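Each remark here refers to the structure printed beneath this line.
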Amino acid sequence: MLNKSAAVFIFALLIVIATCSRSNIPDSGSALVTDEHHPFGKYEQPITLRIGMGVDPTFKSYTGETPARNPWVTAIKDTLNVNIKIDWMVANENMEQKIDLAIASNTLPDAMVVSQFQLKQMVKADELADLTEVYHRYASPVMKRIIDSTNGKAMEHATFDGKMLALPSVEAEDISMMWIRQDWLDRLGLQPPATMEKLEQTARAFVERDPDGNGRADTVGIVTGPSLYDDFHSGPGSFNLNPVFSAYNSYPGFWLKSADGKPVYGSIQPETKAALAKLRDLYGSGLIDQEMGIRESPAEAVIDGKGGIFFAPFSGGYWPVPEALKNNPRANWQAYALPLDADGHFNAKMFKPTKSFVVVRKGYEYPEAVIKVANLILRDEYKYGIDFQPLRITLAPRDEISFSVKALHDVMAGESKPEDFADKVEYSLLHNDLNAIKNTKLAPYDRTDIQYWNTRGSNFKRAYSLLVGGRNLLDPNLNKVSSIYYSHTETMETQWRHLVDAEMDLFTQIIMGVAPLEAFDRWVEEWKRQGGDRITDEVAQAMMQR
């Protein structure tokens, strides 16, 4: 299933692609390569690569860039002699339907980014090019090291009957966390809310005590979107309620191990019902955005300076916080591993390393061009940024965020120098991070409030995301919770979308007071009858075969 929140906020939610600076990557070099058979080789004659892509309709470029005209399109043309053409472009929220139609009609563009579920559909329809040879021949050494770092897991998801039919992403380990207006807390004399009880009190204060000081009752406590949580296919996404569920030891969308060792689905557990009851109370009290699911984008409330709390990965420092700062440079957004559960733990859902794939249409004449474009994006993202990257997937070591946070702290404390990390080529943004940090982070270096930042610095978004958001991956109260199963069973192929859509619809209705809390119990029985029990048995069988 495509997570709707992840789709709507693909430019925000997708975390940073690990890329490689020319100055410290041995396989790239700064000179133009004219050998077509090199990972960065330029074609003698121009070729065309037609792609399909989703866009966020609410995203605005302040420099006039568009998906069809931007530095990436230019760089790919100049470096590789590849002309990127957009075969079709739709809003991210319509991407799933568009891809389904393309699969059904066998009208794929030359290349595109798809989910695991869509990949399997394309494989069954025999619509994809075999990338086995071109990957081994053209993938850069750094790309290969990153993919190999998953101990074969990433390649396993992309391989069918011994053929590599997609280029898999490798995601840095990240979590959903609380982003909160620290300046509002300070104005109202409050501390970051450590428990659900404190979260409720804080959200109420944000709604009722005029935290922005404008004399109007126009502020929102907790901002969320139409997707309430991330399931085992996706995440961590932005503007959902993962940490609230987890504070009740509820993990909807995950497969868990019961006391007797058998797999159970987290959404149907009593803990999830308890979490829904609390969320229902919060919404009914006006503490959760009353326009959840109605706004064109839930980020509106944050960007407009009206929202006080939202949950997102470390990349909240990439978006929407910088947009909010344009409207209010004093908006002091800070991130915390909160709220805690009854035992004082911050329970964080952890997700598989591969969630998206670049696929190439069977019959495309230049499949190696897709690998070359991926090499270039991996190498040069530090130069051109993440906006409008064609065929964008994440390629990063699993510990890329936490490793970078520790390295930045060491350099700021004077315990290390940037050159001490010159051999860490897989952490390809690190070279730029370390050399730019003291022009971006102002003293004192142990304070992350907004007044201690050069918000106009070229590396501000990245550094702020790491030192404000990424630091929570090192929180001592962090309790990592993984799904015991991340793949698809046979029945999931036909039933899962229907089951999950019904689940999300009902949970939303319960929270908003449209359906009674007791509807949860009736839904659980219906879920079991409509394929849930069969899927659970299939998951158990798959686990036994490992």
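Simple scheme: letters A, B, ... for chains in structure tokens order, numbers from 1 for residues in each chain, numbers from 1 for ligands in the order shown.
Secondary structure from DSSP on the backbone puts alpha helix (DSSP H) at the following positions of segment 60-100 of chain A: Pro71, Trp72, Val73, Thr74, Ala75, Ile76, Lys77, Asp78, Thr79, Leu80, Met95, Glu96, Gln97, Lys98, Ile99 and Asp100 of chain A.
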* **Selection: 7 Å around segment 340-346 of chain A, only C-alpha atoms, excl. self and same-chain fewer than 3 positions, as an MDAnalysis selection string** => chainID A and resid 194:195 247:248 337 477:479
* **Among the residues A:Trp255, A:Phe117, A:Tyr43, A:Tyr366, the one that comes closest to Glu490 of chain A [using only C-alpha atoms]** =>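 Result for the nearest residue to Glu490 of chain A: A:Phe117.
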* Choose the residue, out of A:Gly235, A:Pro390, A:Gly215, A:Pro270, that has the smallest atom-to-atom separation from Ile76 of chain A; count only C-alpha atoms. => A:Pro390
Restrict the calculation to only C-alpha atoms, then for each residue of segment 309-409 of chain A with any atom at most 8 Å from an atom of segment 106-111 of chain A give the closest atom pair and their distance in Å to one decimal, rows by chain and rising residue number, as CSV.
residue,atom,partner,partner_atom,distance
A:Val358,CA,A:Ala111,CA,6.8
A:Val359,CA,A:Ala111,CA,5.5
A:Val360,CA,A:Ala111,CA,4.4
A:Arg361,CA,A:Asp110,CA,5.0
A:Tyr364,CA,A:Asp110,CA,6.1
A:Val370,CA,A:Ala111,CA,7.4
A:Leu391,CA,A:Ala111,CA,7.5
Residues just named, written with N, CA, C and O atoms as a PDB file, in the first residue's frame:
ATOM      1  N   VAL A 358      13.544   2.423  -8.482  1.00  0.00           N
ATOM      2  CA  VAL A 358      13.541   2.960  -9.837  1.00  0.00           C
ATOM      3  C   VAL A 358      13.402   1.782 -10.787  1.00  0.00           C
ATOM      4  O   VAL A 358      14.194   0.830 -10.734  1.00  0.00           O
ATOM      5  N   VAL A 359      12.395   1.846 -11.644  1.00  0.00           N
ATOM      6  CA  VAL A 359      12.195   0.783 -12.633  1.00  0.00           C
ATOM      7  C   VAL A 359      12.390   1.353 -14.033  1.00  0.00           C
ATOM      8  O   VAL A 359      12.207   2.547 -14.269  1.00  0.00           O
ATOM      9  N   VAL A 360      12.756   0.472 -14.955  1.00  0.00           N
ATOM     10  CA  VAL A 360      12.997   0.852 -16.348  1.00  0.00           C
ATOM     11  C   VAL A 360      12.085   0.016 -17.237  1.00  0.00           C
ATOM     12  O   VAL A 360      11.981  -1.208 -17.073  1.00  0.00           O
ATOM     13  N   ARG A 361      11.454   0.678 -18.161  1.00  0.00           N
ATOM     14  CA  ARG A 361      10.544   0.008 -19.080  1.00  0.00           C
ATOM     15  C   ARG A 361      11.270  -1.035 -19.926  1.00  0.00           C
ATOM     16  O   ARG A 361      12.343  -0.763 -20.467  1.00  0.00           O
ATOM     17  N   TYR A 364      13.347  -0.306 -23.343  1.00  0.00           N
ATOM     18  CA  TYR A 364      14.023   0.991 -23.434  1.00  0.00           C
ATOM     19  C   TYR A 364      15.462   0.765 -23.889  1.00  0.00           C
ATOM     20  O   TYR A 364      16.169  -0.097 -23.364  1.00  0.00           O
ATOM     21  N   VAL A 370      19.699   5.171 -16.865  1.00  0.00           N
ATOM     22  CA  VAL A 370      19.019   5.336 -15.581  1.00  0.00           C
ATOM     23  C   VAL A 370      20.009   5.153 -14.439  1.00  0.00           C
ATOM     24  O   VAL A 370      19.981   5.894 -13.450  1.00  0.00           O
ATOM     25  N   LEU A 391      13.627  10.817 -10.834  1.00  0.00           N
ATOM     26  CA  LEU A 391      13.876   9.443 -10.384  1.00  0.00           C
ATOM     27  C   LEU A 391      14.498   9.424  -8.995  1.00  0.00           C
ATOM     28  O   LEU A 391      15.481   8.740  -8.739  1.00  0.00           O
TER      29      LEU A 391
END
* Asked: Got a sec: who's within 9 Å of Met512 of chain A, counting only C-alpha atoms, leaving out chain neighbours fewer than 6 positions off, as a ChimeraX atom specification?
  -> /A:279-280,283-284,290
Export, as a CSV table (one decimal), in the first residue's frame, the selected residues with C-alpha atoms.
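For reference, part_32.csv as written:
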chain,number,residue,atom,x,y,z
A,279,LEU,CA,-7.3,10.7,20.1
A,280,ARG,CA,-11.1,10.9,20.0
A,283,TYR,CA,-10.2,15.9,18.7
A,284,GLY,CA,-13.5,16.4,20.5
A,290,GLN,CA,-10.4,20.5,13.3
* May I have the residues within 7 Å of Arg398 of chain A as a ChimeraX atom specification, using only C-alpha atoms and disregarding those fewer than 5 positions away in the same chain? => /A:171-173
Those same residues - N, CA, C and O atoms - I'd like them written as a short mmCIF file (atom, residue, chain, number, x, y, z; two decimals), in the first residue's frame.
data_model
loop_
_atom_site.label_atom_id
_atom_site.label_comp_id
_atom_site.auth_asym_id
_atom_site.auth_seq_id
_atom_site.Cartn_x
_atom_site.Cartn_y
_atom_site.Cartn_z
N GLU A 171 17.40 3.44 2.75
CA GLU A 171 16.96 4.55 3.60
C GLU A 171 17.79 4.63 4.87
O GLU A 171 18.02 3.61 5.53
N ALA A 172 18.18 5.82 5.24
CA ALA A 172 18.81 6.03 6.54
C ALA A 172 17.78 5.79 7.63
O ALA A 172 16.61 6.12 7.49
N GLU A 173 18.21 5.19 8.72
CA GLU A 173 17.31 4.94 9.83
C GLU A 173 16.79 6.26 10.38
O GLU A 173 17.57 7.18 10.68
#
* **All residues 10 Å or closer to Lys120 of chain A, only C-alpha atoms, same chain fewer than 3 positions away omitted, as a VMD selection string** => chain A and resid 114 to 117 123 to 126 157 to 158 160 165 488 493
Can you write out the residues you just picked, keeping N, CA, C and O atoms, as a PDB file, in the first residue's frame?
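Result saved to selection-v4.pdb:
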ATOM      1  N   VAL A 114       8.643   3.688  -8.071  1.00  0.00           N
ATOM      2  CA  VAL A 114       7.437   2.972  -7.660  1.00  0.00           C
ATOM      3  C   VAL A 114       7.626   2.371  -6.276  1.00  0.00           C
ATOM      4  O   VAL A 114       8.735   2.301  -5.745  1.00  0.00           O
ATOM      5  N   SER A 115       6.514   1.914  -5.713  1.00  0.00           N
ATOM      6  CA  SER A 115       6.531   1.232  -4.418  1.00  0.00           C
ATOM      7  C   SER A 115       6.807  -0.254  -4.617  1.00  0.00           C
ATOM      8  O   SER A 115       6.807  -0.769  -5.744  1.00  0.00           O
ATOM      9  N   GLN A 116       6.993  -0.960  -3.510  1.00  0.00           N
ATOM     10  CA  GLN A 116       7.217  -2.398  -3.589  1.00  0.00           C
ATOM     11  C   GLN A 116       6.007  -3.111  -4.186  1.00  0.00           C
ATOM     12  O   GLN A 116       6.151  -4.019  -5.012  1.00  0.00           O
ATOM     13  N   PHE A 117       4.808  -2.703  -3.793  1.00  0.00           N
ATOM     14  CA  PHE A 117       3.591  -3.326  -4.307  1.00  0.00           C
ATOM     15  C   PHE A 117       3.492  -3.126  -5.819  1.00  0.00           C
ATOM     16  O   PHE A 117       3.181  -4.064  -6.565  1.00  0.00           O
ATOM     17  N   VAL A 123       6.351  -6.647 -12.326  1.00  0.00           N
ATOM     18  CA  VAL A 123       7.080  -7.890 -12.563  1.00  0.00           C
ATOM     19  C   VAL A 123       6.125  -8.964 -13.092  1.00  0.00           C
ATOM     20  O   VAL A 123       6.428  -9.675 -14.061  1.00  0.00           O
ATOM     21  N   LYS A 124       4.968  -9.069 -12.466  1.00  0.00           N
ATOM     22  CA  LYS A 124       3.979 -10.062 -12.915  1.00  0.00           C
ATOM     23  C   LYS A 124       3.533  -9.797 -14.352  1.00  0.00           C
ATOM     24  O   LYS A 124       3.276 -10.722 -15.115  1.00  0.00           O
ATOM     25  N   ALA A 125       3.453  -8.518 -14.721  1.00  0.00           N
ATOM     26  CA  ALA A 125       3.020  -8.155 -16.074  1.00  0.00           C
ATOM     27  C   ALA A 125       4.163  -8.206 -17.081  1.00  0.00           C
ATOM     28  O   ALA A 125       3.951  -7.919 -18.269  1.00  0.00           O
ATOM     29  N   ASP A 126       5.374  -8.548 -16.625  1.00  0.00           N
ATOM     30  CA  ASP A 126       6.550  -8.651 -17.500  1.00  0.00           C
ATOM     31  C   ASP A 126       6.789  -7.343 -18.260  1.00  0.00           C
ATOM     32  O   ASP A 126       6.978  -7.346 -19.478  1.00  0.00           O
ATOM     33  N   HIS A 157      14.976  -7.346  -2.309  1.00  0.00           N
ATOM     34  CA  HIS A 157      13.671  -6.772  -2.651  1.00  0.00           C
ATOM     35  C   HIS A 157      13.566  -6.440  -4.140  1.00  0.00           C
ATOM     36  O   HIS A 157      12.454  -6.321  -4.672  1.00  0.00           O
ATOM     37  N   ALA A 158      14.706  -6.261  -4.818  1.00  0.00           N
ATOM     38  CA  ALA A 158      14.698  -5.847  -6.222  1.00  0.00           C
ATOM     39  C   ALA A 158      14.958  -6.993  -7.181  1.00  0.00           C
ATOM     40  O   ALA A 158      14.965  -6.796  -8.398  1.00  0.00           O
ATOM     41  N   PHE A 160      14.145 -10.811  -8.805  1.00  0.00           N
ATOM     42  CA  PHE A 160      13.083 -11.779  -9.050  1.00  0.00           C
ATOM     43  C   PHE A 160      13.616 -12.846 -10.001  1.00  0.00           C
ATOM     44  O   PHE A 160      14.090 -12.521 -11.096  1.00  0.00           O
ATOM     45  N   LEU A 165      15.432  -6.397 -11.288  1.00  0.00           N
ATOM     46  CA  LEU A 165      14.432  -5.712 -12.097  1.00  0.00           C
ATOM     47  C   LEU A 165      14.134  -4.296 -11.603  1.00  0.00           C
ATOM     48  O   LEU A 165      13.201  -3.653 -12.090  1.00  0.00           O
ATOM     49  N   HIS A 488       4.958  -8.976   1.293  1.00  0.00           N
ATOM     50  CA  HIS A 488       3.569  -9.201   0.910  1.00  0.00           C
ATOM     51  C   HIS A 488       3.282 -10.692   0.865  1.00  0.00           C
ATOM     52  O   HIS A 488       4.113 -11.477   0.414  1.00  0.00           O
ATOM     53  N   GLU A 493      -1.890  -9.361  -1.939  1.00  0.00           N
ATOM     54  CA  GLU A 493      -1.831  -8.836  -3.295  1.00  0.00           C
ATOM     55  C   GLU A 493      -3.203  -8.357  -3.777  1.00  0.00           C
ATOM     56  O   GLU A 493      -3.307  -7.411  -4.538  1.00  0.00           O
TER      57      GLU A 493
END
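Of the residues listed (A:Tyr265, A:Trp72, A:Phe310, A:Phe460), A:Tyr265 shows the shortest atom-to-atom separation from Ile535 of chain A; distances use only C-alpha atoms.
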* **Near-segment 411-424 of chain A list (7 Å; only C-alpha atoms; drop same-chain fewer than 2 positions) as number ranges by chain** => A: 24, 407-409, 426-427, 431, 434-435, 445
Generate the output file for the selected residues, C-alpha atoms, as a tab-separated table (two decimals), in the first residue's frame.
chain	number	residue	atom	x	y	z
A	24	ASN	CA	36.34	13.11	-1.76
A	407	ALA	CA	30.47	13.86	13.72
A	408	LEU	CA	29.04	17.41	13.74
A	409	HIS	CA	29.16	17.53	17.53
A	426	GLU	CA	29.45	6.55	1.93
A	427	TYR	CA	28.35	9.44	4.16
A	431	HIS	CA	32.09	16.48	3.86
A	434	LEU	CA	31.32	19.44	8.49
A	435	ASN	CA	32.92	22.20	6.48
A	445	TYR	CA	27.09	25.22	19.76
* Selection: 10 Å around Ala91 of chain A, only C-alpha atoms, excl. self and same-chain fewer than 2 positions, as a ChimeraX atom specification -> /A:7-8,53-58,89,93-96,98
Can those selected residues be exported to a file as a JSON list (two decimals), in the first residue's frame so that it contains C-alpha atoms?
[["chain", "number", "residue", "atom", "x", "y", "z"],
["A", 7, "ALA", "CA", 2.66, 10.42, -1.04],
["A", 8, "VAL", "CA", 1.23, 13.86, -0.35],
["A", 53, "MET", "CA", 6.65, 11.83, -11.77],
["A", 54, "GLY", "CA", 4.45, 13.03, -8.95],
["A", 55, "VAL", "CA", 4.56, 16.57, -7.61],
["A", 56, "ASP", "CA", 3.28, 18.34, -4.52],
["A", 57, "PRO", "CA", 0.84, 21.01, -5.78],
["A", 58, "THR", "CA", 1.49, 23.13, -2.69],
["A", 89, "MET", "CA", 3.12, 14.46, -14.25],
["A", 93, "GLU", "CA", -2.02, 12.04, -4.18],
["A", 94, "ASN", "CA", -3.05, 10.79, -7.65],
["A", 95, "MET", "CA", 0.21, 8.97, -8.33],
["A", 96, "GLU", "CA", -1.02, 5.55, -7.22],
["A", 98, "LYS", "CA", -1.83, 6.90, -12.47]]
* Structure fact -> The residue from A:Leu188, A:Met112, A:Leu256, A:Leu378 with the smallest atom-to-atom distance to Ser356 of chain A, counting only C-alpha atoms, is A:Met112
* Asked: So which residues of segment 88-299 of chain A fall under strand (DSSP E or B) by DSSP, listed as JSON, numbers by chain?
  -> {"A": [88, 89, 90, 91, 111, 112, 113, 114, 115, 128, 159, 160, 163, 164, 167, 168, 170, 177, 178, 179, 180, 181, 220, 221, 222, 223, 255, 256, 257, 263, 264, 265, 288]}
Output of the above residues as a PDB file, in the first residue's frame, restricted to C-alpha atoms:
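again25.pdb was written with the following content:
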ATOM      1  CA  TRP A  88       3.393  12.668 -17.553  1.00  0.00           C
ATOM      2  CA  MET A  89       3.118  14.462 -14.253  1.00  0.00           C
ATOM      3  CA  VAL A  90       0.367  14.211 -11.618  1.00  0.00           C
ATOM      4  CA  ALA A  91      -0.227  15.368  -8.061  1.00  0.00           C
ATOM      5  CA  ALA A 111      11.671   5.084 -16.064  1.00  0.00           C
ATOM      6  CA  MET A 112       9.885   6.011 -12.862  1.00  0.00           C
ATOM      7  CA  VAL A 113       9.872   5.522  -9.082  1.00  0.00           C
ATOM      8  CA  VAL A 114       7.437   2.972  -7.660  1.00  0.00           C
ATOM      9  CA  SER A 115       6.531   1.232  -4.418  1.00  0.00           C
ATOM     10  CA  LEU A 128      10.425  -4.274 -16.728  1.00  0.00           C
ATOM     11  CA  THR A 159      15.549  -9.345  -7.493  1.00  0.00           C
ATOM     12  CA  PHE A 160      13.083 -11.779  -9.050  1.00  0.00           C
ATOM     13  CA  LYS A 163      17.144 -10.945 -12.234  1.00  0.00           C
ATOM     14  CA  MET A 164      17.596  -7.436 -10.880  1.00  0.00           C
ATOM     15  CA  LEU A 167      17.242  -0.154  -8.482  1.00  0.00           C
ATOM     16  CA  PRO A 168      16.377  -0.290  -4.750  1.00  0.00           C
ATOM     17  CA  VAL A 170      18.498   2.408   0.876  1.00  0.00           C
ATOM     18  CA  MET A 177       9.182  12.645  16.469  1.00  0.00           C
ATOM     19  CA  MET A 178       7.489  15.654  18.016  1.00  0.00           C
ATOM     20  CA  TRP A 179       8.174  19.075  16.458  1.00  0.00           C
ATOM     21  CA  ILE A 180       6.922  21.862  18.712  1.00  0.00           C
ATOM     22  CA  ARG A 181       6.960  25.669  18.934  1.00  0.00           C
ATOM     23  CA  VAL A 220      -4.062  24.886  16.459  1.00  0.00           C
ATOM     24  CA  GLY A 221      -2.751  22.461  19.054  1.00  0.00           C
ATOM     25  CA  ILE A 222      -1.765  19.299  17.178  1.00  0.00           C
ATOM     26  CA  VAL A 223      -1.564  19.413  13.379  1.00  0.00           C
ATOM     27  CA  TRP A 255       3.108  -7.056  12.415  1.00  0.00           C
ATOM     28  CA  LEU A 256       4.016  -7.916  15.998  1.00  0.00           C
ATOM     29  CA  LYS A 257       4.853 -11.055  17.930  1.00  0.00           C
ATOM     30  CA  PRO A 263       2.323 -12.956  14.484  1.00  0.00           C
ATOM     31  CA  VAL A 264      -0.513 -10.521  15.177  1.00  0.00           C
ATOM     32  CA  TYR A 265      -1.576  -7.361  13.388  1.00  0.00           C
ATOM     33  CA  ILE A 288      -6.300  18.285  17.211  1.00  0.00           C
TER      34      ILE A 288
END
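The residue that comes closest to Asp186 of chain A, out of A:Tyr486, A:Tyr464, A:Tyr318, A:Phe206 and on the basis of only C-alpha atoms, is A:Phe206.
With only C-alpha atoms as the atoms that count, the residue of A:Arg330, A:Arg145, A:Lys438, A:Arg462 with the shortest distance to Tyr382 of chain A is A:Arg462.
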* Asked: Suppose you want the space between atom CA of Val500 of chain A and atom CA of Ala301 of chain A; what is it in Å?
  ->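 Interatomic distance, atom CA of Val500 of chain A to atom CA of Ala301 of chain A: 27.2 Å.
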